[in-house]
Amino acid sequence: MSDEITVMVVDDHPIWREGVARDLGERGMTVVATAPDAAAAVRIALAARPQVVLMDLNLGATSGVDAIEGILAKLPDTRVLVLSASGEQPDVLAAVKAGATGYLVKSAGADFTR
């Protein structure tokens, strides 16, 4: 069994998406895909089959919550971690109800993990 962790990054901001993907790769994770919106996230996740999806919630016309539901309906063993600018309780609850494993606000600093 491989210790490799495969990740997909979903965010509508290209600089943020690419930066997170780069940082994860530098820390030993294998980024197998990225996606700019919810529809692409579902389609690409089905093809790439990542172990973990790092998902933003605000993805334009379609919510990241819809993407979480779509991905987990087809890939129930995938873990979805939300990384969002919003820390509002309704957003957190919606993500968790959709099946997100965890939720982190983008403004959290490195001290969060210590």
# chains A, B, ... in the order shown; residues from 1 in each chain; ligands from 1
>>> closest_atom_pairs(of="segment 63-83 of chain A", to="segment 44-49 of chain A", cutoff="9 Å", atoms="only C-alpha atoms", output="JSON lines")
{"residue": "A:Ile71", "atom": "CA", "partner": "A:Ala45", "partner_atom": "CA", "distance": 6.8}
{"residue": "A:Lys74", "atom": "CA", "partner": "A:Leu46", "partner_atom": "CA", "distance": 7.3}
{"residue": "A:Leu75", "atom": "CA", "partner": "A:Leu46", "partner_atom": "CA", "distance": 7.3}
{"residue": "A:Thr78", "atom": "CA", "partner": "A:Arg49", "partner_atom": "CA", "distance": 7.9}
>>> write_last_selection(atoms="C-alpha atoms", output="mmCIF file, in the first residue's frame")
data_model
loop_
_atom_site.group_PDB
_atom_site.id
_atom_site.type_symbol
_atom_site.label_atom_id
_atom_site.label_comp_id
_atom_site.auth_asym_id
_atom_site.auth_seq_id
_atom_site.Cartn_x
_atom_site.Cartn_y
_atom_site.Cartn_z
ATOM 1 C CA ILE A 71 -18.476 14.074 -5.706
ATOM 2 C CA LYS A 74 -20.068 8.901 -6.882
ATOM 3 C CA LEU A 75 -16.913 8.640 -4.747
ATOM 4 C CA THR A 78 -13.196 10.515 -0.919
#
>>> residues_around(residues="Ala98 of chain A", least_positions_apart="4", cutoff="8 Å", atoms="only C-alpha atoms", output="list in words")
Val65, Asp66, Ile68, Glu69 and Ala94 of chain A
>>> atom_distance(atom1="atom CA of Ala35 of chain A", atom2="atom CA of Val10 of chain A")
4.7 Å
>>> closest_residue(among="A:Val42, A:Ala21, A:Leu57, A:Val96", to="Ala73 of chain A", atoms="only C-alpha atoms")
A:Val42
>>> closest_residue(among="A:Val52, A:Leu93, A:Ser86, A:Val80", to="Lys106 of chain A", atoms="only C-alpha atoms")
A:Ser86
>>> select_by_dssp(residues="chain A", states="strand (DSSP E or B)", output="PyMOL selection string")
chain A and resi 6-10+30-35+52-55+58-59+62-63+79-84+102-105
>>> write_last_selection(atoms="N, CA and C atoms", output="PDB file, in the first residue's frame")
ATOM      1  N   THR A   6      -3.292  11.514  -2.526  1.00  0.00           N
ATOM      2  CA  THR A   6      -3.662  12.211  -3.750  1.00  0.00           C
ATOM      3  C   THR A   6      -4.730  13.251  -3.439  1.00  0.00           C
ATOM      4  N   VAL A   7      -4.534  14.444  -3.997  1.00  0.00           N
ATOM      5  CA  VAL A   7      -5.374  15.590  -3.660  1.00  0.00           C
ATOM      6  C   VAL A   7      -5.840  16.296  -4.926  1.00  0.00           C
ATOM      7  N   MET A   8      -7.056  16.830  -4.861  1.00  0.00           N
ATOM      8  CA  MET A   8      -7.574  17.723  -5.897  1.00  0.00           C
ATOM      9  C   MET A   8      -7.912  19.045  -5.226  1.00  0.00           C
ATOM     10  N   VAL A   9      -7.552  20.161  -5.860  1.00  0.00           N
ATOM     11  CA  VAL A   9      -7.803  21.490  -5.314  1.00  0.00           C
ATOM     12  C   VAL A   9      -8.868  22.176  -6.169  1.00  0.00           C
ATOM     13  N   VAL A  10      -9.921  22.671  -5.506  1.00  0.00           N
ATOM     14  CA  VAL A  10     -11.019  23.335  -6.211  1.00  0.00           C
ATOM     15  C   VAL A  10     -11.173  24.754  -5.668  1.00  0.00           C
ATOM     16  N   THR A  30       0.483  14.421  -3.565  1.00  0.00           N
ATOM     17  CA  THR A  30       0.402  14.382  -5.014  1.00  0.00           C
ATOM     18  C   THR A  30      -0.895  15.043  -5.456  1.00  0.00           C
ATOM     19  N   VAL A  31      -0.776  16.203  -6.078  1.00  0.00           N
ATOM     20  CA  VAL A  31      -1.958  16.894  -6.588  1.00  0.00           C
ATOM     21  C   VAL A  31      -2.266  16.306  -7.955  1.00  0.00           C
ATOM     22  N   VAL A  32      -3.391  15.589  -8.032  1.00  0.00           N
ATOM     23  CA  VAL A  32      -3.749  14.894  -9.260  1.00  0.00           C
ATOM     24  C   VAL A  32      -4.636  15.729 -10.171  1.00  0.00           C
ATOM     25  N   ALA A  33      -5.219  16.813  -9.625  1.00  0.00           N
ATOM     26  CA  ALA A  33      -6.099  17.642 -10.440  1.00  0.00           C
ATOM     27  C   ALA A  33      -6.421  18.941  -9.716  1.00  0.00           C
ATOM     28  N   THR A  34      -6.853  19.920 -10.508  1.00  0.00           N
ATOM     29  CA  THR A  34      -7.414  21.149  -9.975  1.00  0.00           C
ATOM     30  C   THR A  34      -8.676  21.437 -10.775  1.00  0.00           C
ATOM     31  N   ALA A  35      -9.555  22.257 -10.194  1.00  0.00           N
ATOM     32  CA  ALA A  35     -10.786  22.623 -10.892  1.00  0.00           C
ATOM     33  C   ALA A  35     -11.197  24.032 -10.486  1.00  0.00           C
ATOM     34  N   VAL A  52      -8.438  12.984  -1.437  1.00  0.00           N
ATOM     35  CA  VAL A  52      -8.875  14.179  -0.732  1.00  0.00           C
ATOM     36  C   VAL A  52      -9.182  15.278  -1.739  1.00  0.00           C
ATOM     37  N   VAL A  53     -10.286  15.984  -1.510  1.00  0.00           N
ATOM     38  CA  VAL A  53     -10.613  17.174  -2.289  1.00  0.00           C
ATOM     39  C   VAL A  53     -10.581  18.360  -1.336  1.00  0.00           C
ATOM     40  N   LEU A  54      -9.771  19.357  -1.679  1.00  0.00           N
ATOM     41  CA  LEU A  54      -9.719  20.595  -0.920  1.00  0.00           C
ATOM     42  C   LEU A  54     -10.618  21.572  -1.658  1.00  0.00           C
ATOM     43  N   MET A  55     -11.759  21.923  -1.065  1.00  0.00           N
ATOM     44  CA  MET A  55     -12.859  22.584  -1.765  1.00  0.00           C
ATOM     45  C   MET A  55     -13.173  23.964  -1.193  1.00  0.00           C
ATOM     46  N   ASN A  58     -17.369  29.112  -2.355  1.00  0.00           N
ATOM     47  CA  ASN A  58     -17.851  30.145  -3.262  1.00  0.00           C
ATOM     48  C   ASN A  58     -17.198  29.939  -4.622  1.00  0.00           C
ATOM     49  N   LEU A  59     -17.937  29.275  -5.521  1.00  0.00           N
ATOM     50  CA  LEU A  59     -17.381  28.917  -6.826  1.00  0.00           C
ATOM     51  C   LEU A  59     -18.169  29.528  -7.986  1.00  0.00           C
ATOM     52  N   THR A  62     -22.452  28.048  -9.097  1.00  0.00           N
ATOM     53  CA  THR A  62     -22.798  26.831  -8.355  1.00  0.00           C
ATOM     54  C   THR A  62     -21.970  26.769  -7.085  1.00  0.00           C
ATOM     55  N   SER A  63     -22.593  26.362  -6.014  1.00  0.00           N
ATOM     56  CA  SER A  63     -21.935  26.303  -4.719  1.00  0.00           C
ATOM     57  C   SER A  63     -21.010  25.094  -4.605  1.00  0.00           C
ATOM     58  N   ARG A  79     -12.457  12.047   0.789  1.00  0.00           N
ATOM     59  CA  ARG A  79     -12.611  12.992   1.893  1.00  0.00           C
ATOM     60  C   ARG A  79     -12.597  14.402   1.320  1.00  0.00           C
ATOM     61  N   VAL A  80     -13.548  15.209   1.741  1.00  0.00           N
ATOM     62  CA  VAL A  80     -13.619  16.595   1.283  1.00  0.00           C
ATOM     63  C   VAL A  80     -13.333  17.514   2.458  1.00  0.00           C
ATOM     64  N   LEU A  81     -12.323  18.352   2.289  1.00  0.00           N
ATOM     65  CA  LEU A  81     -11.985  19.358   3.278  1.00  0.00           C
ATOM     66  C   LEU A  81     -12.292  20.719   2.669  1.00  0.00           C
ATOM     67  N   VAL A  82     -13.079  21.500   3.361  1.00  0.00           N
ATOM     68  CA  VAL A  82     -13.440  22.820   2.869  1.00  0.00           C
ATOM     69  C   VAL A  82     -12.404  23.835   3.341  1.00  0.00           C
ATOM     70  N   LEU A  83     -11.967  24.665   2.408  1.00  0.00           N
ATOM     71  CA  LEU A  83     -11.074  25.779   2.696  1.00  0.00           C
ATOM     72  C   LEU A  83     -11.762  27.005   2.121  1.00  0.00           C
ATOM     73  N   SER A  84     -12.403  27.780   2.982  1.00  0.00           N
ATOM     74  CA  SER A  84     -13.274  28.864   2.525  1.00  0.00           C
ATOM     75  C   SER A  84     -12.967  30.181   3.224  1.00  0.00           C
ATOM     76  N   GLY A 102     -14.015  18.145   7.028  1.00  0.00           N
ATOM     77  CA  GLY A 102     -13.453  19.209   7.833  1.00  0.00           C
ATOM     78  C   GLY A 102     -13.663  20.550   7.169  1.00  0.00           C
ATOM     79  N   TYR A 103     -13.405  21.623   7.925  1.00  0.00           N
ATOM     80  CA  TYR A 103     -13.662  22.980   7.447  1.00  0.00           C
ATOM     81  C   TYR A 103     -12.598  23.898   8.036  1.00  0.00           C
ATOM     82  N   LEU A 104     -11.925  24.631   7.169  1.00  0.00           N
ATOM     83  CA  LEU A 104     -10.901  25.567   7.612  1.00  0.00           C
ATOM     84  C   LEU A 104     -11.140  26.907   6.922  1.00  0.00           C
ATOM     85  N   VAL A 105     -11.064  27.982   7.687  1.00  0.00           N
ATOM     86  CA  VAL A 105     -11.235  29.317   7.141  1.00  0.00           C
ATOM     87  C   VAL A 105      -9.897  29.771   6.553  1.00  0.00           C
TER      88      VAL A 105
END
>>> closest_residue(among="A:Ile5, A:Ala61, A:Ala38, A:Ala108", to="Ala85 of chain A", atoms="only C-alpha atoms")
A:Ala108
>>> closest_residue(among="A:Gly25, A:Pro14, A:Gly87, A:Gly70", to="Ser107 of chain A", atoms="only C-alpha atoms")
A:Gly87
>>> atom_distance(atom1="atom CA of Asp37 of chain A", atom2="atom CA of Gln89 of chain A")
22.4 Å
>>> closest_residue(among="A:Arg43, A:Asp56, A:Gln51, A:Ala67", to="Arg17 of chain A", atoms="only C-alpha atoms")
A:Asp56
>>> select_by_dssp(residues="segment 65-111 of chain A", states="alpha helix (DSSP H)", output="PyMOL selection string")
chain A and resi 65-74+89-98
>>> closest_residue(among="A:Glu4, A:Pro36, A:Asp12, A:Ala100", to="Pro50 of chain A", atoms="only C-alpha atoms")
A:Glu4
>>> atom_distance(atom1="atom CA of Leu72 of chain A", atom2="atom CA of Thr101 of chain A")
11.0 Å
